[in-house]
file final-v6.txt (compact mmCIF, C-alpha atoms (C1' of nucleotides))
# COMPACT_ATOMS: atom_id res chain seq x y z
CA MET M 1 67.57 51.22 104.76
CA LYS M 2 69.54 53.92 103.08
CA ILE M 3 67.79 56.64 101.15
CA GLU M 4 65.94 56.00 97.90
CA TYR M 5 65.51 58.65 95.26
CA SER M 6 62.76 58.58 92.65
CA LEU M 7 62.72 60.98 89.73
CA LEU M 8 59.04 61.74 89.09
CA LYS M 9 59.07 64.45 86.46
CA THR M 10 61.41 66.66 84.51
CA ASP M 11 60.59 70.16 83.32
CA LYS M 12 60.04 70.20 79.58
CA ASN M 13 62.27 73.22 78.89
CA THR M 14 65.06 72.88 81.45
CA LYS M 15 66.92 70.22 83.42
CA ALA M 16 64.79 70.92 86.50
CA ARG M 17 63.58 67.75 88.23
CA TYR M 18 60.76 66.94 90.58
CA GLY M 19 61.46 63.93 92.75
CA LYS M 20 61.13 62.22 96.09
CA ILE M 21 63.67 61.01 98.58
CA LYS M 22 62.55 58.17 100.79
CA THR M 23 64.34 58.07 104.14
CA ASN M 24 63.94 56.28 107.44
CA TYR M 25 62.43 59.49 108.74
CA GLY M 26 59.87 60.08 106.04
CA GLU M 27 59.64 61.19 102.44
CA VAL M 28 61.01 64.45 101.17
CA GLU M 29 60.06 66.10 97.91
CA THR M 30 62.70 67.80 95.78
CA PRO M 31 63.80 70.40 94.90
CA MET M 32 64.25 71.16 98.58
CA PHE M 33 66.11 73.69 100.71
CA MET M 34 67.78 72.29 103.85
CA PRO M 35 68.27 74.60 106.86
CA VAL M 36 71.64 74.39 108.61
CA GLY M 37 71.99 73.33 112.23
CA THR M 38 75.75 73.18 112.60
CA ARG M 39 75.91 72.33 116.29
CA ALA M 40 72.77 70.21 116.31
CA SER M 41 70.59 73.29 116.47
CA ILE M 42 69.09 75.59 113.89
CA LYS M 43 70.29 78.65 115.76
CA GLY M 44 67.53 80.13 117.83
CA LEU M 45 64.79 77.70 116.80
CA THR M 46 63.20 74.62 118.29
CA THR M 47 62.80 71.66 115.98
CA ASP M 48 59.02 72.19 116.14
CA GLN M 49 59.52 75.67 114.74
CA VAL M 50 61.77 74.28 112.02
CA LYS M 51 59.16 71.65 111.16
CA GLN M 52 56.50 74.35 110.99
CA CYS M 53 58.48 75.85 108.10
CA ASN M 54 57.73 72.55 106.33
CA SER M 55 61.34 71.48 106.53
CA GLY M 56 62.48 68.14 105.19
CA ILE M 57 66.15 67.38 105.60
CA ILE M 58 68.25 69.52 107.94
CA LEU M 59 72.03 69.69 108.34
CA ALA M 60 74.44 69.22 111.20
CA ASN M 61 78.21 69.43 111.18
CA THR M 62 80.71 66.69 111.86
CA TYR M 63 83.58 68.96 112.87
CA HIS M 64 81.60 70.92 115.43
CA LEU M 65 79.89 67.89 116.95
CA TRP M 66 83.17 65.97 117.06
CA LEU M 67 84.72 68.69 119.22
CA ARG M 68 81.64 69.28 121.33
CA PRO M 69 79.94 67.31 122.72
CA GLY M 70 81.81 64.49 120.96
CA GLU M 71 80.34 61.79 118.73
CA ASP M 72 80.21 59.27 121.58
CA VAL M 73 77.90 61.47 123.64
CA ILE M 74 75.51 61.73 120.72
CA ASN M 75 75.84 58.02 120.03
CA HIS M 76 75.00 57.19 123.65
CA ALA M 77 72.06 59.58 123.46
CA GLY M 78 70.65 57.32 120.75
CA GLY M 79 71.90 59.27 117.72
CA LEU M 80 71.48 62.75 116.41
CA HIS M 81 67.71 62.54 115.85
CA LYS M 82 66.99 61.72 119.47
CA PHE M 83 69.71 63.99 120.79
CA MET M 84 68.37 67.08 119.08
CA ASN M 85 64.73 65.98 118.92
CA TYR M 86 64.38 66.14 115.16
CA ASN M 87 62.01 63.56 113.77
CA GLY M 88 63.07 64.06 110.15
CA PRO M 89 66.05 63.26 107.97
CA ILE M 90 69.42 64.74 108.87
CA LEU M 91 72.47 65.22 106.68
CA THR M 92 75.90 65.68 108.22
CA ASP M 93 78.58 67.66 106.49
CA SER M 94 81.99 66.00 106.65
CA GLY M 95 83.81 68.81 108.41
CA GLY M 96 86.07 69.35 105.43
CA PHE M 97 84.92 72.88 104.83
CA GLN M 98 85.60 73.93 108.44
CA VAL M 99 88.91 72.13 108.71
CA PHE M 100 90.30 73.73 105.56
CA SER M 101 89.51 77.16 106.81
CA LEU M 102 91.40 76.29 110.00
CA ALA M 103 94.45 74.88 108.23
CA LYS M 104 96.89 77.78 108.35
CA ASN M 105 99.45 76.54 105.87
CA LYS M 106 97.53 74.77 103.13
CA GLU M 107 100.56 73.10 101.55
CA LYS M 108 101.95 71.77 104.79
CA ASP M 109 98.75 71.11 106.74
CA ILE M 110 96.79 69.36 104.00
CA THR M 111 98.49 65.99 103.53
CA GLU M 112 97.58 62.74 101.87
CA GLU M 113 96.65 61.38 105.28
CA GLY M 114 94.26 64.19 106.15
CA VAL M 115 94.16 67.75 107.39
CA HIS M 116 96.19 69.06 110.33
CA PHE M 117 94.73 72.06 112.08
CA LYS M 118 94.14 73.64 115.47
CA SER M 119 90.84 73.49 117.30
CA HIS M 120 89.05 76.83 117.20
CA ILE M 121 88.01 76.22 120.79
CA ASP M 122 91.28 75.60 122.59
CA GLY M 123 93.98 75.59 119.92
CA LYS M 124 94.68 71.89 120.37
CA LYS M 125 96.41 70.28 117.39
CA LEU M 126 94.09 67.89 115.59
CA LEU M 127 94.04 65.68 112.52
CA LEU M 128 90.89 64.93 110.58
CA THR M 129 91.08 62.15 108.03
CA PRO M 130 88.54 60.67 105.63
CA GLU M 131 88.26 57.58 107.84
CA LYS M 132 87.80 59.66 110.98
CA SER M 133 85.14 61.86 109.42
CA ILE M 134 83.13 58.85 108.27
CA ALA M 135 83.55 57.07 111.59
CA ILE M 136 82.22 60.13 113.41
CA GLN M 137 79.29 60.42 111.03
CA ASN M 138 78.51 56.70 111.46
CA LYS M 139 78.24 57.30 115.19
CA LEU M 140 76.19 60.47 114.82
CA ASP M 141 73.76 58.26 112.88
CA SER M 142 72.65 60.90 110.41
CA ASP M 143 70.63 59.74 107.40
CA ILE M 144 73.12 61.09 104.91
CA ALA M 145 76.87 61.33 105.47
CA MET M 146 79.17 63.35 103.24
CA SER M 147 82.55 62.26 101.96
CA PHE M 148 85.53 64.11 103.36
CA ASP M 149 86.68 66.33 100.53
CA GLU M 150 88.93 69.29 100.02
CA CYS M 151 87.06 72.50 99.34
CA PRO M 152 89.58 74.78 97.63
CA PRO M 153 88.93 78.50 97.25
CA ALA M 154 87.61 79.91 93.98
CA SER M 155 90.98 81.58 93.52
CA ALA M 156 92.84 78.23 93.43
CA SER M 157 94.92 77.63 90.33
CA TYR M 158 94.18 74.97 87.73
CA GLN M 159 97.15 72.89 88.82
CA TYR M 160 96.18 73.14 92.48
CA LEU M 161 92.62 72.09 91.69
CA LYS M 162 93.83 69.19 89.57
CA ASN M 163 95.92 67.78 92.41
CA SER M 164 93.15 68.53 94.84
CA ILE M 165 90.39 66.67 93.00
CA GLU M 166 92.62 63.65 92.54
CA ARG M 167 93.28 63.54 96.25
CA THR M 168 89.61 64.12 97.03
CA ILE M 169 88.79 61.02 94.96
CA ARG M 170 91.36 58.97 96.88
CA TRP M 171 89.82 60.29 100.09
CA ALA M 172 86.33 59.40 98.86
CA LYS M 173 87.49 55.80 98.30
CA ARG M 174 89.05 55.59 101.74
CA GLY M 175 85.93 56.99 103.37
CA LYS M 176 83.64 54.63 101.52
CA ALA M 177 85.78 51.67 102.51
CA VAL M 178 85.26 52.28 106.22
CA HIS M 179 81.62 53.43 106.04
CA SER M 180 79.70 50.95 108.15
CA ASN M 181 76.32 52.33 109.18
CA PRO M 182 73.67 50.34 107.26
CA ASN M 183 71.01 53.01 107.87
CA GLN M 184 73.12 55.83 106.53
CA ALA M 185 73.59 56.94 102.93
CA LEU M 186 76.95 58.27 101.77
CA PHE M 187 77.36 61.01 99.18
CA GLY M 188 80.34 61.77 96.99
CA ILE M 189 81.46 65.29 96.19
CA VAL M 190 82.44 66.72 92.83
CA GLN M 191 85.07 69.47 92.78
CA GLY M 192 87.05 71.18 90.05
CA GLY M 193 86.29 74.89 90.20
CA ALA M 194 84.96 76.41 87.01
CA TYR M 195 87.04 74.17 84.71
CA GLU M 196 85.08 71.91 82.43
CA ASP M 197 87.65 69.11 82.17
CA LEU M 198 88.29 69.06 85.93
CA ARG M 199 84.58 68.93 86.78
CA LYS M 200 84.10 66.14 84.26
CA PHE M 201 87.04 64.15 85.59
CA SER M 202 85.93 64.66 89.18
CA ALA M 203 82.32 63.71 88.42
CA VAL M 204 83.15 60.64 86.34
CA GLU M 205 85.68 59.29 88.83
CA THR M 206 83.42 59.96 91.80
CA VAL M 207 80.44 58.28 90.14
CA LYS M 208 82.59 55.20 89.48
CA LEU M 209 82.77 54.76 93.24
CA ASP M 210 78.97 54.38 93.31
CA PHE M 211 77.67 56.65 96.02
CA ASP M 212 74.06 57.02 97.18
CA GLY M 213 73.97 60.59 95.97
CA TYR M 214 76.28 63.28 94.63
CA SER M 215 77.02 66.80 95.53
CA ILE M 216 78.64 69.67 93.76
CA GLY M 217 81.10 71.38 96.06
CA GLY M 218 83.51 74.25 95.96
CA VAL M 219 80.96 76.82 94.88
CA ALA M 220 79.82 80.02 96.52
CA ASN M 221 83.01 80.69 98.37
CA ASP M 222 85.35 83.66 98.62
CA GLY M 223 83.85 85.90 96.01
CA GLU M 224 83.34 83.38 93.23
CA SER M 225 81.31 84.93 90.44
CA LYS M 226 77.80 83.78 89.62
CA GLU M 227 79.00 82.78 86.16
CA ASP M 228 81.65 80.49 87.63
CA MET M 229 79.11 78.94 89.98
CA TYR M 230 76.73 78.20 87.13
CA LYS M 231 79.60 76.82 85.06
CA ALA M 232 80.62 74.53 87.91
CA ILE M 233 77.08 73.14 87.96
CA ASP M 234 76.74 72.89 84.18
CA TYR M 235 80.08 71.09 83.86
CA SER M 236 79.26 68.58 86.62
CA ILE M 237 75.62 67.64 86.08
CA PRO M 238 75.91 65.77 82.74
CA TYR M 239 78.09 63.12 84.38
CA LEU M 240 75.85 62.46 87.37
CA PRO M 241 73.38 59.55 87.22
CA ILE M 242 69.76 60.65 86.79
CA ASP M 243 68.51 58.26 89.45
CA LYS M 244 70.57 59.74 92.29
CA VAL M 245 70.08 62.90 94.30
CA ARG M 246 72.14 65.96 93.41
CA TYR M 247 73.11 68.35 96.12
CA LEU M 248 74.60 71.80 95.59
CA MET M 249 76.56 72.55 98.72
CA GLY M 250 76.33 75.87 100.48
CA VAL M 251 74.00 77.66 98.11
CA GLY M 252 71.04 79.59 99.41
CA ASP M 253 70.67 82.86 97.59
CA PRO M 254 67.13 82.65 96.15
CA ILE M 255 68.24 83.32 92.58
CA ASP M 256 71.08 80.81 92.85
CA ILE M 257 68.61 78.17 94.05
CA ILE M 258 66.43 78.79 91.02
CA GLU M 259 69.42 78.69 88.68
CA GLY M 260 70.60 75.51 90.37
CA VAL M 261 67.21 73.83 89.97
CA ILE M 262 67.12 74.80 86.31
CA ARG M 263 70.49 73.10 85.89
CA GLY M 264 69.30 69.88 87.50
CA VAL M 265 70.08 70.26 91.21
CA ASP M 266 67.71 68.70 93.77
CA ILE M 267 68.77 69.87 97.20
CA PHE M 268 70.51 72.90 98.69
CA ASP M 269 71.76 74.03 102.06
CA CYS M 270 72.89 77.41 103.27
CA VAL M 271 73.50 79.42 106.41
CA LEU M 272 72.33 82.56 104.68
CA PRO M 273 68.70 82.62 105.87
CA THR M 274 69.64 82.20 109.51
CA ARG M 275 72.80 84.29 109.46
CA ILE M 276 71.24 87.33 107.81
CA ALA M 277 68.24 86.91 110.12
CA ARG M 278 70.46 87.37 113.15
CA HIS M 279 71.79 90.54 111.55
CA GLY M 280 68.32 91.88 110.87
CA GLN M 281 67.69 91.06 107.23
CA ALA M 282 64.74 89.30 105.67
CA PHE M 283 64.03 87.84 102.25
CA THR M 284 60.96 89.11 100.47
CA SER M 285 59.66 88.57 96.96
CA HIS M 286 60.87 92.12 96.27
CA GLY M 287 64.41 91.49 97.46
CA LYS M 288 66.12 91.54 100.82
CA ILE M 289 65.08 94.12 103.37
CA ASN M 290 67.09 95.32 106.37
CA LEU M 291 64.93 95.59 109.48
CA ASN M 292 67.55 97.86 111.02
CA ASN M 293 66.49 100.61 108.65
CA ALA M 294 64.85 103.63 110.28
CA LYS M 295 61.98 103.54 107.81
CA PHE M 296 60.55 100.53 109.67
CA ILE M 297 60.32 102.22 113.08
CA GLU M 298 56.56 102.64 112.78
CA ASP M 299 55.82 100.11 110.05
CA PHE M 300 53.05 98.06 111.61
CA THR M 301 52.71 95.61 108.72
CA PRO M 302 54.25 92.14 108.45
CA ILE M 303 57.48 91.52 106.50
CA ALA M 304 55.41 90.15 103.66
CA THR M 305 51.66 89.95 103.27
CA ASP M 306 52.09 87.05 100.82
CA CYS M 307 54.06 84.97 103.35
CA ASP M 308 52.44 82.18 105.36
CA CYS M 309 55.15 81.90 108.03
CA TYR M 310 54.52 82.17 111.76
CA THR M 311 56.40 85.46 111.97
CA CYS M 312 54.42 87.16 109.23
CA LYS M 313 51.16 85.87 110.72
CA HIS M 314 51.86 87.37 114.14
CA TYR M 315 54.43 90.19 114.08
CA THR M 316 55.01 93.59 112.50
CA LYS M 317 58.19 95.02 111.01
CA SER M 318 58.13 97.68 113.73
CA TYR M 319 58.27 95.05 116.48
CA LEU M 320 60.91 92.97 114.68
CA ARG M 321 63.05 96.06 114.14
CA HIS M 322 62.74 96.83 117.83
CA LEU M 323 63.87 93.32 118.80
CA ILE M 324 66.83 93.46 116.40
CA THR M 325 68.02 96.91 117.43
CA VAL M 326 67.92 96.17 121.16
CA GLY M 327 69.57 92.80 120.62
CA GLU M 328 66.75 90.55 121.78
CA SER M 329 67.47 87.06 120.48
CA LEU M 330 63.78 86.58 119.71
CA GLY M 331 64.29 88.94 116.77
CA GLY M 332 66.84 86.63 115.16
CA SER M 333 64.63 83.63 115.84
CA LEU M 334 61.54 85.18 114.28
CA LEU M 335 63.48 86.39 111.24
CA SER M 336 65.08 82.95 110.89
CA ILE M 337 61.64 81.38 110.78
CA HIS M 338 60.63 83.79 108.04
CA ASN M 339 63.79 83.36 105.97
CA ILE M 340 63.81 79.57 106.22
CA ARG M 341 60.16 79.45 105.29
CA PHE M 342 60.86 81.80 102.39
CA LEU M 343 63.47 79.48 100.88
CA ILE M 344 61.46 76.32 101.52
CA LYS M 345 58.41 77.98 99.96
CA LEU M 346 60.59 78.91 97.01
CA THR M 347 61.46 75.25 96.45
CA GLU M 348 57.79 74.31 96.86
CA ASP M 349 56.90 76.82 94.16
CA LEU M 350 59.65 75.41 91.96
CA ARG M 351 58.22 71.90 92.38
CA GLN M 352 54.85 73.18 91.26
CA ALA M 353 56.45 74.96 88.30
CA ILE M 354 58.21 71.74 87.25
CA LYS M 355 54.93 69.84 87.39
CA GLU M 356 53.42 72.48 85.09
CA ASP M 357 56.50 72.81 82.84
CA LYS M 358 56.69 76.49 83.76
CA VAL M 359 60.11 76.75 85.35
CA LEU M 360 61.46 79.39 82.97
CA GLU M 361 58.38 81.57 83.38
CA PHE M 362 58.66 81.19 87.12
CA ARG M 363 62.34 82.14 87.04
CA ASN M 364 61.71 85.24 84.95
CA GLN M 365 58.80 86.43 87.07
CA PHE M 366 60.68 85.82 90.30
CA ILE M 367 63.84 87.60 89.23
CA ASN M 368 61.94 90.51 87.79
CA LYS M 369 60.11 91.05 91.05
CA TYR M 370 63.08 90.26 93.29
CA GLN M 371 65.44 92.69 91.61
CA ASN M 372 62.94 95.48 91.05
CA LYS M 373 62.47 96.42 94.66
CA ASN M 374 60.31 99.51 94.22
CA THR M 375 57.27 97.97 92.65
CA ASP M 376 54.74 96.31 94.91
C1' G T 1 78.43 140.42 146.30
C1' C T 2 83.66 138.42 145.95
C1' G T 3 86.98 134.41 144.52
C1' U T 4 88.40 129.70 142.07
C1' C T 5 87.43 126.19 138.35
C1' A T 6 84.74 124.68 134.29
C1' U T 7 81.74 125.01 129.32
C1' U T 8 84.39 120.46 122.77
C1' G T 9 78.97 116.33 117.79
C1' G T 10 73.06 112.76 119.83
C1' U T 11 75.99 110.79 124.46
C1' G T 12 80.76 109.83 127.39
C1' A T 13 84.81 112.28 126.43
C1' A T 14 90.61 113.09 124.29
C1' G T 15 93.42 117.00 122.38
C1' U T 16 96.66 120.97 120.00
C1' G T 17 98.98 128.34 118.70
C1' G T 18 99.40 125.95 112.30
C1' U T 19 97.53 120.67 106.64
C1' U T 20 91.47 116.09 107.48
C1' A T 21 89.31 117.75 116.22
C1' A T 22 91.41 111.08 118.79
C1' C T 23 88.62 107.11 120.75
C1' A T 24 84.09 104.78 122.37
C1' C T 25 78.86 104.37 122.28
C1' G T 26 74.73 105.90 119.52
C1' C T 27 72.81 106.96 114.85
C1' U T 28 72.57 106.17 109.18
C1' G T 29 73.57 102.88 105.27
C1' G T 30 75.76 98.39 103.38
C1' U T 31 77.79 93.23 103.39
C1' U T 32 76.96 88.04 104.67
C1' U T 33 76.22 81.39 100.08
C1' G T 34 78.92 72.92 102.81
C1' U T 35 78.13 78.96 110.05
C1' G T 36 85.19 79.69 114.13
C1' G T 37 76.43 82.36 115.82
C1' C T 38 75.09 87.44 117.91
C1' A T 39 80.06 89.76 113.00
C1' C T 40 82.30 92.86 109.51
C1' C T 41 82.66 97.42 106.36
C1' A T 42 81.52 102.51 105.44
C1' G T 43 79.48 107.29 106.76
C1' U T 44 78.41 110.44 110.77
C1' A T 45 81.22 118.04 114.89
C1' U T 46 83.02 123.28 108.06
C1' G T 47 83.28 123.22 114.25
C1' C T 48 85.31 123.26 120.23
C1' A T 49 79.19 128.31 125.22
C1' A T 50 78.46 133.74 122.90
C1' G T 51 81.01 138.19 121.50
C1' A T 52 85.46 141.07 121.05
C1' G T 53 90.85 141.30 121.04
C1' U T 54 96.27 139.57 120.50
C1' U T 55 98.61 136.88 116.29
C1' C T 56 100.70 135.67 109.65
C1' G T 57 97.28 132.04 111.97
C1' A T 58 93.19 130.51 117.78
C1' U T 59 89.15 125.45 119.84
C1' C T 60 93.88 126.30 122.50
C1' C T 61 96.38 133.13 124.82
C1' U T 62 93.60 137.94 126.81
C1' C T 63 89.00 140.54 128.04
C1' U T 64 83.58 140.82 128.50
C1' U T 65 78.99 138.23 128.87
C1' A T 66 76.05 133.74 129.80
C1' U T 67 75.51 129.18 132.31
C1' G T 68 77.16 125.63 136.00
C1' A T 69 80.11 123.61 140.30
C1' C T 70 82.76 124.70 144.69
C1' G T 71 84.53 128.17 148.46
C1' C T 72 84.13 132.87 151.31
C1' C T 73 81.31 137.15 153.32
call {"tool": "encode", "arguments": {"input": "final-v6.txt", "output": "structure tokens"}}
result
Amino acid sequence: MKIEYSLLKTDKNTKARYGKIKTNYGEVETPMFMPVGTRASIKGLTTDQVKQCNSGIILANTYHLWLRPGEDVINHAGGLHKFMNYNGPILTDSGGFQVFSLAKNKEKDITEEGVHFKSHIDGKKLLLTPEKSIAIQNKLDSDIAMSFDECPPASASYQYLKNSIERTIRWAKRGKAVHSNPNQALFGIVQGGAYEDLRKFSAVETVKLDFDGYSIGGVANDGESKEDMYKAIDYSIPYLPIDKVRYLMGVGDPIDIIEGVIRGVDIFDCVLPTRIARHGQAFTSHGKINLNNAKFIEDFTPIATDCDCYTCKHYTKSYLRHLITVGESLGGSLLSIHNIRFLIKLTEDLRQAIKEDKVLEFRNQFINKYQNKNTD
RNA sequence: GCGUCAUUGGUGAAGUGGUUAACACGCUGGUUUGUGGCACCAGUAUGCAAGAGUUCGAUCCUCUUAUGACGCC
């Protein structure tokens, strides 16, 4: 089967929704944060460790797995779940985001056929098309495949975005036409920057194609303002069906997740928790802390006493700082566990708040604490 | 005892008679939003062993002292 989404409750004061996604690999409650495992690995963690964070869906990336080891290798291994030993749902990103950053000359390299670019590994000239992206994802056998879309920068002009979303819709059609894995859902992607009419057009036209779920793309890139991100969500959501999952791509700042949930988003993914972990930073309810800071040299307390993650149960800030400063990869792993758990816990708390119709109170309390770092 | 050479930030060190003493590491902060993993950005010697002299001006030239390395008796 493909996935099935059930909307179970809506917050009384906001658009926040509590729901469940049924997949071939178990049920997942939403709102939910999805950790990113680009190359079939949540960097530095075993899948058991990821599961211990109470993860539901995780991500992998079509572009990276296409280049190495190749979709056939993973297909012969029995699919992505077996290959990477993850016994839970997996979503694959289409590769669009990566390919556009590799396309040197946007006007020349991005054509109706697809995107021309050079491999970041060996410089080989490659072409990724909507059909190719879907074919790769079919073979990877993820539970959710994403349409191949163009992800323009926040700085793109209105006219550029207009042409871009029209092409993205044509690409979505082409991808859907060749999608052939009966166990895999396929999501459409809404673009259109922070323009109300473009988001509406993109959403309405994409929904006409009848996907298994919808995502809001093109946010949180190259210095886009928070206001524009929230506008992009607000302008897209009204046109998405209530009985399908909504996915805000690439968002993982705690406050942005809350604001997304309030606006009706169900699932999120982001590299932030794992990337900042490798650079020594940790989320806490009082804001981000940097374990590189000298003040933690002899701090023999956990990152957060109110955190139930493996790292906080067993390690002190002093030890974590030591690992980070000497470059031991265990430091990045332990911080990744904490940060992933932090964001998943945040979505768990949001689910509870929706059930109690207290999302706004939760938002205000969280932000107040998160931005006022001195109080304890 | 005599002679030669050396002495520049936390470390390794570059350098010049004249506006802010290179670079690297370290250190101190910061950044990171569909991951081209382990990156990027910023700050970090009011001083060039100590003292005196020459000079308009000295870290750079001269002298003395200290310390060190090497050589000779």
call {"tool": "residues_around", "arguments": {"input": "final-v6.txt", "residues": "U32 (chain T)", "least_positions_apart": "3", "cutoff": "9 Å", "atoms": "all atoms listed in the file", "output": "list in words"}}
result
Leu272, Arg275, Ile276 and His279 of chain M; C40 of chain T
call {"tool": "residues_around", "arguments": {"input": "final-v6.txt", "residues": "region 119-129 of chain M", "least_positions_apart": "3", "cutoff": "9 Å", "atoms": "all atoms listed in the file", "output": "PDB file with C-alpha atoms (C1' of nucleotides), in the frame of the given file"}}
result
ATOM      1  CA  TYR M  63      83.580  68.960 112.870  1.00  0.00           C
ATOM      2  CA  LEU M  67      84.720  68.690 119.220  1.00  0.00           C
ATOM      3  CA  GLY M  95      83.810  68.810 108.410  1.00  0.00           C
ATOM      4  CA  GLY M  96      86.070  69.350 105.430  1.00  0.00           C
ATOM      5  CA  VAL M  99      88.910  72.130 108.710  1.00  0.00           C
ATOM      6  CA  LEU M 102      91.400  76.290 110.000  1.00  0.00           C
ATOM      7  CA  GLU M 112      97.580  62.740 101.870  1.00  0.00           C
ATOM      8  CA  GLU M 113      96.650  61.380 105.280  1.00  0.00           C
ATOM      9  CA  GLY M 114      94.260  64.190 106.150  1.00  0.00           C
ATOM     10  CA  VAL M 115      94.160  67.750 107.390  1.00  0.00           C
ATOM     11  CA  HIS M 116      96.190  69.060 110.330  1.00  0.00           C
ATOM     12  CA  LYS M 132      87.800  59.660 110.980  1.00  0.00           C
ATOM     13  CA  SER M 133      85.140  61.860 109.420  1.00  0.00           C
ATOM     14  CA  ILE M 134      83.130  58.850 108.270  1.00  0.00           C
ATOM     15  CA  PHE M 148      85.530  64.110 103.360  1.00  0.00           C
ATOM     16  CA  TRP M 171      89.820  60.290 100.090  1.00  0.00           C
ATOM     17  CA  GLY M 175      85.930  56.990 103.370  1.00  0.00           C
TER      18      GLY M 175
ATOM     19  C1'   G T  36      85.190  79.690 114.130  1.00  0.00           C
TER      20        G T  36
END
call {"tool": "atom_distance", "arguments": {"input": "final-v6.txt", "atom1": "CA of Asn181 (chain M)", "atom2": "CA of Asp109 (chain M)"}}
result
29.4 Å
call {"tool": "residues_around", "arguments": {"input": "final-v6.txt", "residues": "region 16-23 of chain T", "least_positions_apart": "5", "cutoff": "9 Å", "atoms": "all atoms listed in the file", "output": "list in words"}}
result
U8, A45, G47, C48, U55, G57, A58, U59, C60 and C61 of chain T
call {"tool": "interface_residues", "arguments": {"input": "final-v6.txt", "of": "chain T", "to": "chain M", "cutoff": "10 Å", "atoms": "only C-alpha atoms (C1' of nucleotides)", "output": "list in words"}}
result
C27, U28, G29, G30, U31, U32, U33, G34, U35, G36, G37, C38 and A39 of chain T
call {"tool": "residues_around", "arguments": {"input": "final-v6.txt", "residues": "Ala353 (chain M)", "least_positions_apart": "2", "cutoff": "12 Å", "atoms": "only C-alpha atoms (C1' of nucleotides)", "output": "ChimeraX atom specification"}}
result
/M:9-14,16-18,31,258,261-262,346-351,355-363,365-366
call {"tool": "atom_distance", "arguments": {"input": "final-v6.txt", "atom1": "CA of Leu65 (chain M)", "atom2": "CA of Lys82 (chain M)"}}
result
14.5 Å
call {"tool": "closest_residue", "arguments": {"input": "final-v6.txt", "among": "M:Asn138, M:Thr316, M:Ser6, M:Ser236", "to": "Val178 (chain M)", "atoms": "all atoms listed in the file"}}
result
M:Asn138
call {"tool": "atom_distance", "arguments": {"input": "final-v6.txt", "atom1": "CA of Tyr5 (chain M)", "atom2": "CA of Gly19 (chain M)"}}
result
7.1 Å
call {"tool": "residues_around", "arguments": {"input": "final-v6.txt", "residues": "A52 (chain T)", "least_positions_apart": "3", "cutoff": "12 Å", "atoms": "only C-alpha atoms (C1' of nucleotides)", "output": "ChimeraX atom specification"}}
result
/T:62-65
call {"tool": "closest_residue", "arguments": {"input": "final-v6.txt", "among": "M:Thr305, M:Ser336, M:Ser318, M:Ser285", "to": "Tyr370 (chain M)", "atoms": "only C-alpha atoms"}}
result
M:Ser285
call {"tool": "closest_residue", "arguments": {"input": "final-v6.txt", "among": "M:Ala154, M:Leu186, M:Met34, M:Leu7", "to": "Val50 (chain M)", "atoms": "only C-alpha atoms"}}
result
M:Met34
